[in-house]
file final-v1.txt (compact mmCIF, C-alpha atoms)
# COMPACT_ATOMS: atom_id res chain seq x y z
CA MET A 1 -21.19 -9.13 -2.91
CA LYS A 2 -21.26 -10.38 0.65
CA ASN A 3 -21.26 -8.01 3.56
CA GLU A 4 -19.82 -8.78 6.94
CA THR A 5 -22.51 -9.32 9.56
CA SER A 6 -22.50 -10.06 13.26
CA HIS A 7 -23.00 -13.58 14.60
CA ASN A 8 -22.76 -15.21 17.99
CA ILE A 9 -19.76 -17.49 18.15
CA GLU A 10 -20.94 -21.11 18.28
CA TRP A 11 -17.94 -23.02 19.64
CA GLU A 12 -19.72 -26.37 19.37
CA SER A 13 -20.24 -25.82 15.64
CA ILE A 14 -16.60 -24.80 15.19
CA SER A 15 -15.53 -27.97 17.00
CA LYS A 16 -17.72 -30.18 14.82
CA TYR A 17 -16.46 -28.42 11.67
CA LEU A 18 -12.77 -28.84 12.53
CA SER A 19 -13.21 -32.44 13.63
CA GLY A 20 -15.06 -33.37 10.43
CA GLU A 21 -18.21 -34.44 12.26
CA MET A 22 -20.56 -32.26 10.20
CA SER A 23 -22.80 -33.63 7.49
CA GLU A 24 -22.30 -32.28 3.96
CA GLU A 25 -25.35 -30.04 4.38
CA GLU A 26 -24.17 -28.70 7.74
CA ARG A 27 -20.67 -28.09 6.40
CA THR A 28 -21.97 -26.13 3.38
CA ALA A 29 -24.16 -23.95 5.61
CA PHE A 30 -21.31 -23.36 8.06
CA GLU A 31 -18.85 -22.37 5.29
CA LYS A 32 -21.39 -19.84 4.00
CA LEU A 33 -21.44 -18.39 7.52
CA ILE A 34 -17.65 -18.16 7.51
CA ASP A 35 -17.66 -16.42 4.12
CA SER A 36 -20.18 -13.84 5.30
CA ASN A 37 -18.40 -12.91 8.52
CA SER A 38 -14.70 -12.08 8.78
CA GLU A 39 -14.77 -12.31 12.59
CA TYR A 40 -16.00 -15.90 12.39
CA ALA A 41 -13.43 -16.68 9.70
CA GLN A 42 -10.61 -15.38 11.94
CA ILE A 43 -11.69 -17.49 14.91
CA VAL A 44 -12.12 -20.64 12.83
CA ALA A 45 -8.69 -20.11 11.23
CA ALA A 46 -7.07 -19.54 14.65
CA SER A 47 -8.83 -22.59 16.10
CA GLU A 48 -7.72 -24.77 13.19
CA LYS A 49 -4.13 -23.62 13.60
CA ASP A 50 -4.14 -24.16 17.34
CA LEU A 51 -5.74 -27.58 16.95
CA GLY A 52 -2.37 -28.68 15.62
CA LEU A 53 -0.79 -27.54 18.88
CA VAL A 54 -3.27 -29.61 20.88
CA GLU A 55 -2.50 -32.65 18.75
CA ASP A 56 1.23 -32.11 19.33
CA VAL A 57 0.66 -31.94 23.08
CA ILE A 58 -1.39 -35.14 22.99
CA GLN A 59 1.28 -36.88 20.95
CA ILE A 60 3.89 -35.85 23.51
CA ARG A 61 1.69 -37.18 26.29
CA GLU A 62 1.17 -40.47 24.45
CA LYS A 63 4.87 -40.83 23.77
CA TYR A 64 5.61 -40.11 27.42
CA ASN A 65 4.06 -43.31 28.70
CA SER A 66 4.08 -43.19 32.52
CA ASP A 67 3.65 -46.97 32.83
CA HIS A 68 6.64 -47.60 30.61
CA ALA A 69 8.71 -44.98 32.46
CA TRP A 70 7.85 -46.56 35.80
CA ASN A 71 8.73 -50.04 34.60
CA GLN A 72 12.19 -48.81 33.68
CA VAL A 73 12.70 -47.12 37.04
CA HIS A 74 11.13 -50.04 38.91
CA SER A 75 13.62 -52.49 37.45
CA ARG A 76 16.42 -50.42 38.97
CA ILE A 77 15.07 -49.55 42.42
CA SER A 78 13.02 -52.60 43.43
CA LYS A 79 14.75 -55.32 45.40
CA PRO A 80 13.46 -58.75 46.52
CA ASP A 81 14.13 -57.96 50.18
CA ASN A 82 12.26 -54.65 50.10
CA LYS A 83 9.07 -55.59 48.30
CA ASN A 84 6.68 -53.38 50.25
CA MET A 85 8.81 -50.29 49.75
CA SER A 86 9.03 -51.06 46.02
CA ILE A 87 5.25 -51.27 45.67
CA LEU A 88 4.80 -47.98 47.54
CA ALA A 89 7.38 -46.22 45.38
CA ASN A 90 5.67 -47.68 42.33
CA GLN A 91 2.34 -46.13 43.23
CA ASN A 92 3.70 -42.74 44.27
CA PHE A 93 6.08 -42.30 41.36
CA LYS A 94 3.44 -43.42 38.89
CA ARG A 95 1.05 -40.79 40.24
CA VAL A 96 3.74 -38.12 39.86
CA LEU A 97 4.36 -39.02 36.24
CA GLN A 98 0.65 -39.08 35.39
CA PHE A 99 0.14 -35.74 37.15
CA ALA A 100 3.04 -34.24 35.20
CA ALA A 101 1.53 -35.44 31.92
CA MET A 102 -1.81 -33.87 32.88
CA ILE A 103 -0.08 -30.55 33.64
CA VAL A 104 1.55 -30.56 30.19
CA LEU A 105 -1.82 -31.14 28.53
CA VAL A 106 -3.60 -28.46 30.57
CA ILE A 107 -0.88 -25.93 29.81
CA GLY A 108 -1.15 -26.76 26.10
CA LEU A 109 -4.93 -26.36 26.10
CA GLY A 110 -4.58 -23.13 28.08
CA LEU A 111 -2.24 -21.68 25.45
CA VAL A 112 -4.71 -22.58 22.73
CA SER A 113 -7.77 -21.06 24.39
CA ASN A 114 -5.79 -18.00 25.48
CA LYS A 115 -4.73 -17.28 21.90
CA VAL A 116 -8.24 -17.75 20.51
CA TYR A 117 -9.80 -15.48 23.12
CA LYS A 118 -7.01 -12.93 22.78
CA ASP A 119 -7.67 -12.67 19.04
CA TYR A 120 -11.40 -12.55 19.67
CA LEU A 121 -11.11 -9.77 22.28
CA SER A 122 -8.56 -7.71 20.33
CA PRO A 123 -9.75 -4.19 19.33
CA TYR A 124 -8.51 -4.89 15.79
CA LYS A 125 -9.63 -7.23 13.06
CA THR A 126 -7.54 -8.68 10.25
CA PHE A 127 -9.13 -9.94 7.07
CA ILE A 128 -7.22 -11.68 4.27
CA SER A 129 -9.15 -12.45 1.11
CA LYS A 130 -8.70 -15.78 -0.63
CA ALA A 131 -6.72 -15.97 -3.87
CA GLU A 132 -9.85 -16.76 -5.87
CA ASP A 133 -11.91 -13.94 -4.33
CA SER A 134 -12.18 -10.77 -6.41
CA SER A 135 -14.88 -8.76 -4.65
CA LYS A 136 -15.13 -9.50 -0.93
CA THR A 137 -16.77 -6.50 0.76
CA ILE A 138 -16.36 -5.54 4.41
CA VAL A 139 -18.46 -2.91 6.18
CA LEU A 140 -16.48 -0.93 8.77
CA ALA A 141 -17.82 0.47 12.03
CA ASP A 142 -18.37 3.96 10.55
CA GLY A 143 -20.36 2.64 7.58
CA SER A 144 -17.46 2.81 5.12
CA THR A 145 -17.13 -0.18 2.80
CA VAL A 146 -13.95 -1.83 1.56
CA THR A 147 -14.00 -4.25 -1.36
CA LEU A 148 -10.89 -6.43 -1.50
CA ASN A 149 -9.35 -8.09 -4.51
CA GLY A 150 -7.85 -11.57 -4.15
CA GLU A 151 -4.99 -12.02 -1.63
CA ALA A 152 -5.47 -8.56 -0.10
CA LYS A 153 -5.03 -7.95 3.63
CA LEU A 154 -6.90 -5.33 5.63
CA VAL A 155 -6.29 -4.53 9.32
CA TYR A 156 -8.92 -2.28 10.89
CA PRO A 157 -10.34 -1.44 14.35
CA LYS A 158 -13.65 -2.89 15.49
CA LYS A 159 -14.60 0.64 16.54
CA PHE A 160 -13.11 4.00 15.51
CA ASN A 161 -12.46 5.48 18.94
CA SER A 162 -9.45 7.70 18.15
CA ALA A 163 -9.33 11.17 16.56
CA THR A 164 -8.78 9.60 13.12
CA ARG A 165 -10.05 6.46 11.38
CA ASN A 166 -6.93 4.40 10.66
CA VAL A 167 -6.60 1.15 8.71
CA SER A 168 -3.73 -0.59 6.91
CA LEU A 169 -3.75 -2.41 3.58
CA GLU A 170 -1.64 -4.89 1.62
CA GLY A 171 -2.75 -5.76 -1.91
CA GLU A 172 -5.65 -4.15 -3.76
CA ALA A 173 -8.93 -2.73 -2.47
CA PHE A 174 -11.65 -0.25 -3.38
CA PHE A 175 -12.69 2.14 -0.59
CA ASP A 176 -16.04 3.92 -0.31
CA ILE A 177 -15.58 6.15 2.74
CA ALA A 178 -18.45 7.46 4.87
CA LYS A 179 -18.17 11.25 5.20
CA ASN A 180 -17.04 12.62 8.53
CA PRO A 181 -15.33 16.06 8.30
CA GLU A 182 -14.30 15.84 11.95
CA LYS A 183 -12.54 12.49 11.68
CA ALA A 184 -10.22 11.86 8.73
CA PHE A 185 -9.93 8.36 7.29
CA ILE A 186 -6.28 7.34 6.90
CA ILE A 187 -5.00 4.29 5.04
CA THR A 188 -1.42 3.20 5.61
CA VAL A 189 0.12 1.15 2.81
CA LYS A 190 3.67 0.20 1.95
CA GLY A 191 5.65 3.46 2.11
CA ALA A 192 2.62 5.69 1.67
CA GLU A 193 -0.39 7.24 3.37
CA ILE A 194 -3.79 8.10 1.91
CA LYS A 195 -5.95 10.63 3.78
CA VAL A 196 -9.61 11.36 3.02
CA LEU A 197 -12.75 12.79 4.60
CA GLY A 198 -15.31 11.08 2.38
CA THR A 199 -14.78 9.70 -1.09
CA SER A 200 -14.34 6.54 -3.17
CA PHE A 201 -11.07 5.34 -4.66
CA ASN A 202 -8.99 2.30 -5.56
CA VAL A 203 -5.65 1.40 -3.96
CA ILE A 204 -3.03 -1.13 -5.04
CA ALA A 205 -0.21 -1.69 -2.56
CA GLN A 206 2.48 -3.84 -4.17
CA GLU A 207 6.08 -4.61 -3.21
CA ASP A 208 7.58 -1.98 -5.54
CA LYS A 209 4.81 0.60 -5.92
CA VAL A 210 1.53 2.03 -4.67
CA GLU A 211 -1.24 3.14 -7.03
CA VAL A 212 -4.32 5.26 -6.26
CA LEU A 213 -7.26 5.97 -8.58
CA VAL A 214 -9.97 8.36 -7.37
CA GLU A 215 -13.56 7.72 -8.46
CA SER A 216 -15.17 10.55 -6.48
CA GLY A 217 -14.25 13.21 -3.94
CA LYS A 218 -10.73 14.27 -3.00
CA VAL A 219 -7.72 12.33 -1.66
CA GLN A 220 -4.34 13.35 -0.26
CA PHE A 221 -1.68 10.84 -1.32
CA SER A 222 1.64 11.14 0.53
CA GLU A 223 4.97 9.40 0.89
CA LEU A 224 5.51 8.33 4.52
CA GLU A 225 9.24 9.12 4.70
CA ASN A 226 8.87 12.52 3.03
CA ASN A 227 5.85 14.55 4.13
CA GLU A 228 6.56 17.18 1.49
CA GLU A 229 6.10 14.56 -1.24
CA SER A 230 2.31 14.52 -1.60
CA VAL A 231 -0.40 15.19 -4.18
CA ILE A 232 -4.10 16.03 -4.05
CA LEU A 233 -6.17 13.72 -6.26
CA GLU A 234 -9.70 14.38 -7.51
CA LYS A 235 -12.18 12.41 -9.62
CA GLY A 236 -10.40 10.63 -12.49
CA ASP A 237 -6.92 11.35 -11.14
CA PHE A 238 -4.39 8.54 -10.94
CA ALA A 239 -1.09 8.57 -9.06
CA VAL A 240 1.80 6.15 -8.58
CA LEU A 241 4.44 6.11 -5.85
CA LYS A 242 7.50 4.17 -7.00
CA GLU A 243 11.14 4.38 -5.91
CA ASN A 244 10.40 7.47 -3.75
CA SER A 245 8.90 9.26 -6.75
CA LEU A 246 5.24 10.33 -6.71
CA ASN A 247 3.63 10.99 -10.10
CA LYS A 248 0.09 12.15 -10.90
CA THR A 249 -1.62 11.51 -14.24
CA LEU A 250 -4.99 10.57 -15.76
CA MET A 251 -6.25 7.00 -15.97
CA ASN A 252 -6.89 5.82 -19.54
CA ASP A 253 -7.40 2.11 -18.82
CA ASP A 254 -11.10 1.21 -19.23
CA ASN A 255 -10.52 -2.06 -17.37
CA TYR A 256 -8.58 -0.83 -14.34
CA LEU A 257 -11.53 -1.53 -12.03
CA SER A 258 -12.84 -4.59 -13.87
CA TRP A 259 -12.02 -6.81 -10.86
CA LYS A 260 -14.66 -4.85 -8.89
CA THR A 261 -17.18 -3.83 -11.57
CA GLN A 262 -16.95 -7.09 -13.58
CA LYS A 263 -17.11 -4.90 -16.70
CA MET A 264 -14.51 -5.43 -19.42
CA VAL A 265 -14.20 -3.37 -22.61
CA PHE A 266 -11.91 -4.56 -25.42
CA ARG A 267 -11.34 -2.27 -28.41
CA GLY A 268 -9.06 -3.88 -30.97
CA MET A 269 -7.09 -5.39 -28.09
CA PRO A 270 -4.68 -8.33 -28.62
CA LEU A 271 -5.69 -11.48 -26.76
CA LYS A 272 -2.44 -11.38 -24.76
CA ASP A 273 -3.61 -8.06 -23.25
CA VAL A 274 -7.17 -9.34 -22.91
CA ALA A 275 -5.71 -12.22 -20.91
CA LYS A 276 -4.17 -9.79 -18.39
CA VAL A 277 -7.58 -8.20 -17.79
CA ILE A 278 -9.24 -11.60 -17.40
CA GLU A 279 -6.53 -12.72 -14.95
CA ARG A 280 -7.04 -9.65 -12.77
CA THR A 281 -10.83 -9.82 -12.97
CA TYR A 282 -11.33 -13.53 -12.31
CA ARG A 283 -8.11 -14.40 -10.45
CA VAL A 284 -6.97 -17.03 -12.96
CA LYS A 285 -3.93 -17.67 -15.18
CA VAL A 286 -4.38 -17.51 -18.97
CA GLU A 287 -1.93 -19.13 -21.38
CA PHE A 288 -1.85 -19.51 -25.18
CA GLU A 289 -0.93 -22.43 -27.37
CA SER A 290 0.96 -20.12 -29.75
CA ASN A 291 2.00 -16.49 -30.26
CA ASP A 292 -0.30 -16.26 -33.29
CA ILE A 293 -3.31 -16.82 -31.04
CA ALA A 294 -1.98 -14.38 -28.42
CA ASN A 295 -1.72 -11.61 -31.04
CA GLU A 296 -5.29 -12.01 -32.35
CA LYS A 297 -7.35 -8.85 -31.72
CA ILE A 298 -10.96 -8.58 -30.59
CA ASN A 299 -13.68 -5.93 -30.14
CA THR A 300 -16.24 -6.77 -27.50
CA THR A 301 -17.67 -5.85 -24.09
CA PHE A 302 -18.60 -8.03 -21.12
CA ILE A 303 -20.69 -6.85 -18.18
CA GLN A 304 -20.82 -9.09 -15.11
CA ASP A 305 -20.59 -12.27 -17.18
CA PRO A 306 -19.32 -15.54 -15.65
CA LEU A 307 -15.81 -16.59 -16.70
CA ASN A 308 -17.05 -19.51 -18.82
CA VAL A 309 -19.33 -17.16 -20.82
CA VAL A 310 -16.43 -14.75 -21.44
CA LEU A 311 -14.08 -17.52 -22.60
CA THR A 312 -16.71 -19.19 -24.77
CA ASN A 313 -17.57 -15.95 -26.58
CA ILE A 314 -13.95 -14.99 -27.16
CA CYS A 315 -13.08 -18.43 -28.52
CA MET A 316 -16.16 -18.63 -30.78
CA SER A 317 -15.33 -15.28 -32.39
CA LYS A 318 -11.87 -16.53 -33.37
CA SER A 319 -12.56 -20.25 -33.95
CA LEU A 320 -10.60 -21.15 -30.84
CA THR A 321 -11.18 -23.45 -27.90
CA TYR A 322 -10.02 -23.42 -24.29
CA GLU A 323 -9.08 -25.90 -21.63
CA LYS A 324 -9.33 -25.16 -17.89
CA LYS A 325 -7.29 -27.05 -15.29
CA GLY A 326 -7.66 -25.64 -11.80
CA GLN A 327 -7.01 -21.92 -12.07
CA THR A 328 -5.04 -22.22 -15.33
CA ILE A 329 -6.72 -21.68 -18.72
CA THR A 330 -5.08 -22.59 -22.03
CA ILE A 331 -6.48 -21.11 -25.25
CA LYS A 332 -5.91 -23.27 -28.34
CA LYS A 333 -6.82 -23.48 -32.00
CA GLY A 334 -10.24 -24.96 -32.69
CA ILE A 335 -10.57 -28.48 -33.97
call {"tool": "encode", "arguments": {"input": "final-v1.txt", "output": "structure tokens"}}
result
Amino acid sequence: MKNETSHNIEWESISKYLSGEMSEEERTAFEKLIDSNSEYAQIVAASEKDLGLVEDVIQIREKYNSDHAWNQVHSRISKPDNKNMSILANQNFKRVLQFAAMIVLVIGLGLVSNKVYKDYLSPYKTFISKAEDSSKTIVLADGSTVTLNGEAKLVYPKKFNSATRNVSLEGEAFFDIAKNPEKAFIITVKGAEIKVLGTSFNVIAQEDKVEVLVESGKVQFSELENNEESVILEKGDFAVLKENSLNKTLMNDDNYLSWKTQKMVFRGMPLKDVAKVIERTYRVKVEFESNDIANEKINTTFIQDPLNVVLTNICMSKSLTYEKKGQTITIKKGI
């Protein structure tokens, strides 16, 4: 796992990276820096986006050719019997057009730099994990850690200065909260709120439901629109908020946290269900050549094994083979 660290912002390096002027070695090192620091990643992403704005401004300036514009005007206002006045107008009007073009460019660059610095100086940070990431860990200002599954979004303050420690989440994440009885930690998700003082738990915030699994400590899980609709969850408790209904139960899925622990346990499980666990753990898509293969059952356990090792072992046990194209895996009968 990679923890967020603090780095000085090197604008020259960001410029070289975005302009493609880095060597392969420099680029690799710089991308490792981006991966290890969400603040850097935000600034690079904002700079890359705003670079498009600069290019648009430049294109407008290039299209607005002052020489060409003057030539058109000159052909209309210059007369043979007023040559000196024509030359003077030429020079003055040309300067006006060039100055106007410069103003447009400066304003464009000002908008870009203003946005970058505004994001940089904001009291909040936003981190969005990549689709292929399954265990990106961020350390918050109070020492709490948040491990995000792929395509999760976390918004959090750079410093917890208020009476409570508030963050918001979209997607899935595992929270390990630093204890502070005087300052509750509150997570806002779609239609729900999770309040803790110090504990560890998993949250999935989807479009139609919110799930919470508590690994240690105690959590208060509430519906935002109805404060009376809440439950207290302790170790092993699992609750789901769906369609304004909040239900508490026990978790009996050994692989619910496999995306974080990289541990998968399969006990007489059909490959079609195994595939769902693999997809969630490694952020891939698994398909089968036939239903017969999908219904094959296996008994095995994997602990922090790379995806290729998992697939190879599963296929060998059933005389199967697999083909990987991008993030899609197809399991087929062996030759």
call {"tool": "atom_distance", "arguments": {"input": "final-v1.txt", "atom1": "CA of Ile329 in chain A", "atom2": "CA of Phe288 in chain A"}}
result
8.4 Å
call {"tool": "residues_around", "arguments": {"input": "final-v1.txt", "residues": "range 198-207 of chain A", "least_positions_apart": "2", "cutoff": "10 Å", "atoms": "only C-alpha atoms", "output": "VMD selection string"}}
result
chain A and resid 144 to 149 152 169 to 181 183 to 185 187 to 192 194 to 196 209 to 219 233 to 242 256 to 257 260
call {"tool": "atom_distance", "arguments": {"input": "final-v1.txt", "atom1": "CA of Arg267 in chain A", "atom2": "CA of Gln327 in chain A"}}
result
25.9 Å
call {"tool": "closest_residue", "arguments": {"input": "final-v1.txt", "among": "A:Cys315, A:Leu154, A:Ala131, A:Ile138", "to": "Thr281 in chain A", "atoms": "all atoms listed in the file"}}
result
A:Ala131
call {"tool": "residues_around", "arguments": {"input": "final-v1.txt", "residues": "Asp133 in chain A", "least_positions_apart": "3", "cutoff": "9 Å", "atoms": "only C-alpha atoms", "output": "list in words"}}
result
Ser129, Lys130, Lys136, Leu148, Asn149, Gly150, Glu151, Tyr282 and Arg283 of chain A
call {"tool": "atom_distance", "arguments": {"input": "final-v1.txt", "atom1": "CA of Asp305 in chain A", "atom2": "CA of Asp292 in chain A"}}
result
26.2 Å
call {"tool": "closest_residue", "arguments": {"input": "final-v1.txt", "among": "A:Gly143, A:Gly334, A:Gly326, A:Pro157", "to": "Val286 in chain A", "atoms": "only C-alpha atoms"}}
result
A:Gly326
call {"tool": "closest_residue", "arguments": {"input": "final-v1.txt", "among": "A:Tyr322, A:Trp259, A:Phe221, A:Phe30", "to": "Glu193 in chain A", "atoms": "only C-alpha atoms"}}
result
A:Phe221
call {"tool": "build_atoms", "arguments": {"input": "final-v1.txt", "residues": "range 238-249 of chain A", "atoms": "all heavy atoms", "output": "PDB file, in the coordinates of the input"}}
result
ATOM      1  N   PHE A 238      -5.110   9.790 -11.199  1.00  0.00           N
ATOM      2  CA  PHE A 238      -4.390   8.540 -10.940  1.00  0.00           C
ATOM      3  C   PHE A 238      -2.963   8.902 -10.543  1.00  0.00           C
ATOM      4  O   PHE A 238      -2.340   9.769 -11.160  1.00  0.00           O
ATOM      5  CB  PHE A 238      -4.397   7.671 -12.193  1.00  0.00           C
ATOM      6  CG  PHE A 238      -3.608   6.397 -12.084  1.00  0.00           C
ATOM      7  CD1 PHE A 238      -4.042   5.360 -11.263  1.00  0.00           C
ATOM      8  CD2 PHE A 238      -2.436   6.218 -12.803  1.00  0.00           C
ATOM      9  CE1 PHE A 238      -3.330   4.174 -11.168  1.00  0.00           C
ATOM     10  CE2 PHE A 238      -1.717   5.033 -12.717  1.00  0.00           C
ATOM     11  CZ  PHE A 238      -2.167   4.015 -11.902  1.00  0.00           C
ATOM     12  N   ALA A 239      -2.455   8.274  -9.501  1.00  0.00           N
ATOM     13  CA  ALA A 239      -1.090   8.570  -9.060  1.00  0.00           C
ATOM     14  C   ALA A 239      -0.362   7.287  -8.681  1.00  0.00           C
ATOM     15  O   ALA A 239      -0.977   6.319  -8.219  1.00  0.00           O
ATOM     16  CB  ALA A 239      -1.096   9.539  -7.884  1.00  0.00           C
ATOM     17  N   VAL A 240       0.957   7.308  -8.884  1.00  0.00           N
ATOM     18  CA  VAL A 240       1.800   6.150  -8.580  1.00  0.00           C
ATOM     19  C   VAL A 240       2.995   6.595  -7.751  1.00  0.00           C
ATOM     20  O   VAL A 240       3.669   7.568  -8.103  1.00  0.00           O
ATOM     21  CB  VAL A 240       2.295   5.464  -9.876  1.00  0.00           C
ATOM     22  CG1 VAL A 240       3.178   4.268  -9.528  1.00  0.00           C
ATOM     23  CG2 VAL A 240       1.140   5.034 -10.755  1.00  0.00           C
ATOM     24  N   LEU A 241       3.241   5.894  -6.657  1.00  0.00           N
ATOM     25  CA  LEU A 241       4.440   6.110  -5.850  1.00  0.00           C
ATOM     26  C   LEU A 241       5.368   4.931  -6.097  1.00  0.00           C
ATOM     27  O   LEU A 241       5.054   3.792  -5.774  1.00  0.00           O
ATOM     28  CB  LEU A 241       4.098   6.196  -4.363  1.00  0.00           C
ATOM     29  CG  LEU A 241       5.292   6.257  -3.400  1.00  0.00           C
ATOM     30  CD1 LEU A 241       6.123   7.517  -3.629  1.00  0.00           C
ATOM     31  CD2 LEU A 241       4.817   6.189  -1.951  1.00  0.00           C
ATOM     32  N   LYS A 242       6.541   5.223  -6.692  1.00  0.00           N
ATOM     33  CA  LYS A 242       7.500   4.170  -7.000  1.00  0.00           C
ATOM     34  C   LYS A 242       8.906   4.719  -6.866  1.00  0.00           C
ATOM     35  O   LYS A 242       9.221   5.790  -7.399  1.00  0.00           O
ATOM     36  CB  LYS A 242       7.271   3.627  -8.418  1.00  0.00           C
ATOM     37  CG  LYS A 242       8.140   2.433  -8.773  1.00  0.00           C
ATOM     38  CD  LYS A 242       7.763   1.857 -10.143  1.00  0.00           C
ATOM     39  CE  LYS A 242       8.575   0.619 -10.460  1.00  0.00           C
ATOM     40  NZ  LYS A 242       8.206   0.025 -11.773  1.00  0.00           N
ATOM     41  N   GLU A 243       9.750   3.989  -6.121  1.00  0.00           N
ATOM     42  CA  GLU A 243      11.140   4.380  -5.910  1.00  0.00           C
ATOM     43  C   GLU A 243      11.231   5.819  -5.418  1.00  0.00           C
ATOM     44  O   GLU A 243      11.987   6.650  -5.948  1.00  0.00           O
ATOM     45  CB  GLU A 243      11.951   4.198  -7.205  1.00  0.00           C
ATOM     46  CG  GLU A 243      12.034   2.733  -7.657  1.00  0.00           C
ATOM     47  CD  GLU A 243      12.774   2.569  -8.968  1.00  0.00           C
ATOM     48  OE1 GLU A 243      13.054   3.603  -9.617  1.00  0.00           O
ATOM     49  OE2 GLU A 243      13.082   1.423  -9.325  1.00  0.00           O
ATOM     50  N   ASN A 244      10.423   6.155  -4.402  1.00  0.00           N
ATOM     51  CA  ASN A 244      10.400   7.470  -3.750  1.00  0.00           C
ATOM     52  C   ASN A 244       9.996   8.609  -4.687  1.00  0.00           C
ATOM     53  O   ASN A 244      10.221   9.786  -4.384  1.00  0.00           O
ATOM     54  CB  ASN A 244      11.771   7.793  -3.138  1.00  0.00           C
ATOM     55  CG  ASN A 244      12.176   6.780  -2.081  1.00  0.00           C
ATOM     56  OD1 ASN A 244      11.358   6.330  -1.302  1.00  0.00           O
ATOM     57  ND2 ASN A 244      13.454   6.410  -2.074  1.00  0.00           N
ATOM     58  N   SER A 245       9.376   8.246  -5.810  1.00  0.00           N
ATOM     59  CA  SER A 245       8.900   9.260  -6.750  1.00  0.00           C
ATOM     60  C   SER A 245       7.385   9.159  -6.872  1.00  0.00           C
ATOM     61  O   SER A 245       6.841   8.085  -7.140  1.00  0.00           O
ATOM     62  CB  SER A 245       9.557   9.038  -8.123  1.00  0.00           C
ATOM     63  OG  SER A 245       9.058   9.974  -9.056  1.00  0.00           O
ATOM     64  N   LEU A 246       6.700  10.286  -6.680  1.00  0.00           N
ATOM     65  CA  LEU A 246       5.240  10.330  -6.710  1.00  0.00           C
ATOM     66  C   LEU A 246       4.786  11.084  -7.942  1.00  0.00           C
ATOM     67  O   LEU A 246       5.094  12.273  -8.123  1.00  0.00           O
ATOM     68  CB  LEU A 246       4.733  11.025  -5.439  1.00  0.00           C
ATOM     69  CG  LEU A 246       3.240  11.015  -5.163  1.00  0.00           C
ATOM     70  CD1 LEU A 246       2.686   9.598  -5.136  1.00  0.00           C
ATOM     71  CD2 LEU A 246       2.952  11.706  -3.825  1.00  0.00           C
ATOM     72  N   ASN A 247       4.061  10.397  -8.826  1.00  0.00           N
ATOM     73  CA  ASN A 247       3.630  10.990 -10.100  1.00  0.00           C
ATOM     74  C   ASN A 247       2.124  10.934 -10.251  1.00  0.00           C
ATOM     75  O   ASN A 247       1.495   9.911  -9.991  1.00  0.00           O
ATOM     76  CB  ASN A 247       4.294  10.251 -11.276  1.00  0.00           C
ATOM     77  CG  ASN A 247       5.803  10.390 -11.256  1.00  0.00           C
ATOM     78  OD1 ASN A 247       6.337  11.490 -11.244  1.00  0.00           O
ATOM     79  ND2 ASN A 247       6.511   9.264 -11.223  1.00  0.00           N
ATOM     80  N   LYS A 248       1.531  12.045 -10.703  1.00  0.00           N
ATOM     81  CA  LYS A 248       0.090  12.150 -10.900  1.00  0.00           C
ATOM     82  C   LYS A 248      -0.208  12.239 -12.402  1.00  0.00           C
ATOM     83  O   LYS A 248       0.465  12.941 -13.149  1.00  0.00           O
ATOM     84  CB  LYS A 248      -0.422  13.426 -10.199  1.00  0.00           C
ATOM     85  CG  LYS A 248      -1.882  13.745 -10.428  1.00  0.00           C
ATOM     86  CD  LYS A 248      -2.238  15.040  -9.707  1.00  0.00           C
ATOM     87  CE  LYS A 248      -3.640  15.510 -10.021  1.00  0.00           C
ATOM     88  NZ  LYS A 248      -3.960  16.788  -9.322  1.00  0.00           N
ATOM     89  N   THR A 249      -1.236  11.520 -12.838  1.00  0.00           N
ATOM     90  CA  THR A 249      -1.620  11.510 -14.240  1.00  0.00           C
ATOM     91  C   THR A 249      -3.103  11.202 -14.345  1.00  0.00           C
ATOM     92  O   THR A 249      -3.815  11.201 -13.339  1.00  0.00           O
ATOM     93  CB  THR A 249      -0.792  10.453 -15.023  1.00  0.00           C
ATOM     94  OG1 THR A 249      -1.151  10.515 -16.395  1.00  0.00           O
ATOM     95  CG2 THR A 249      -1.056   9.049 -14.493  1.00  0.00           C
TER      96      THR A 249
END
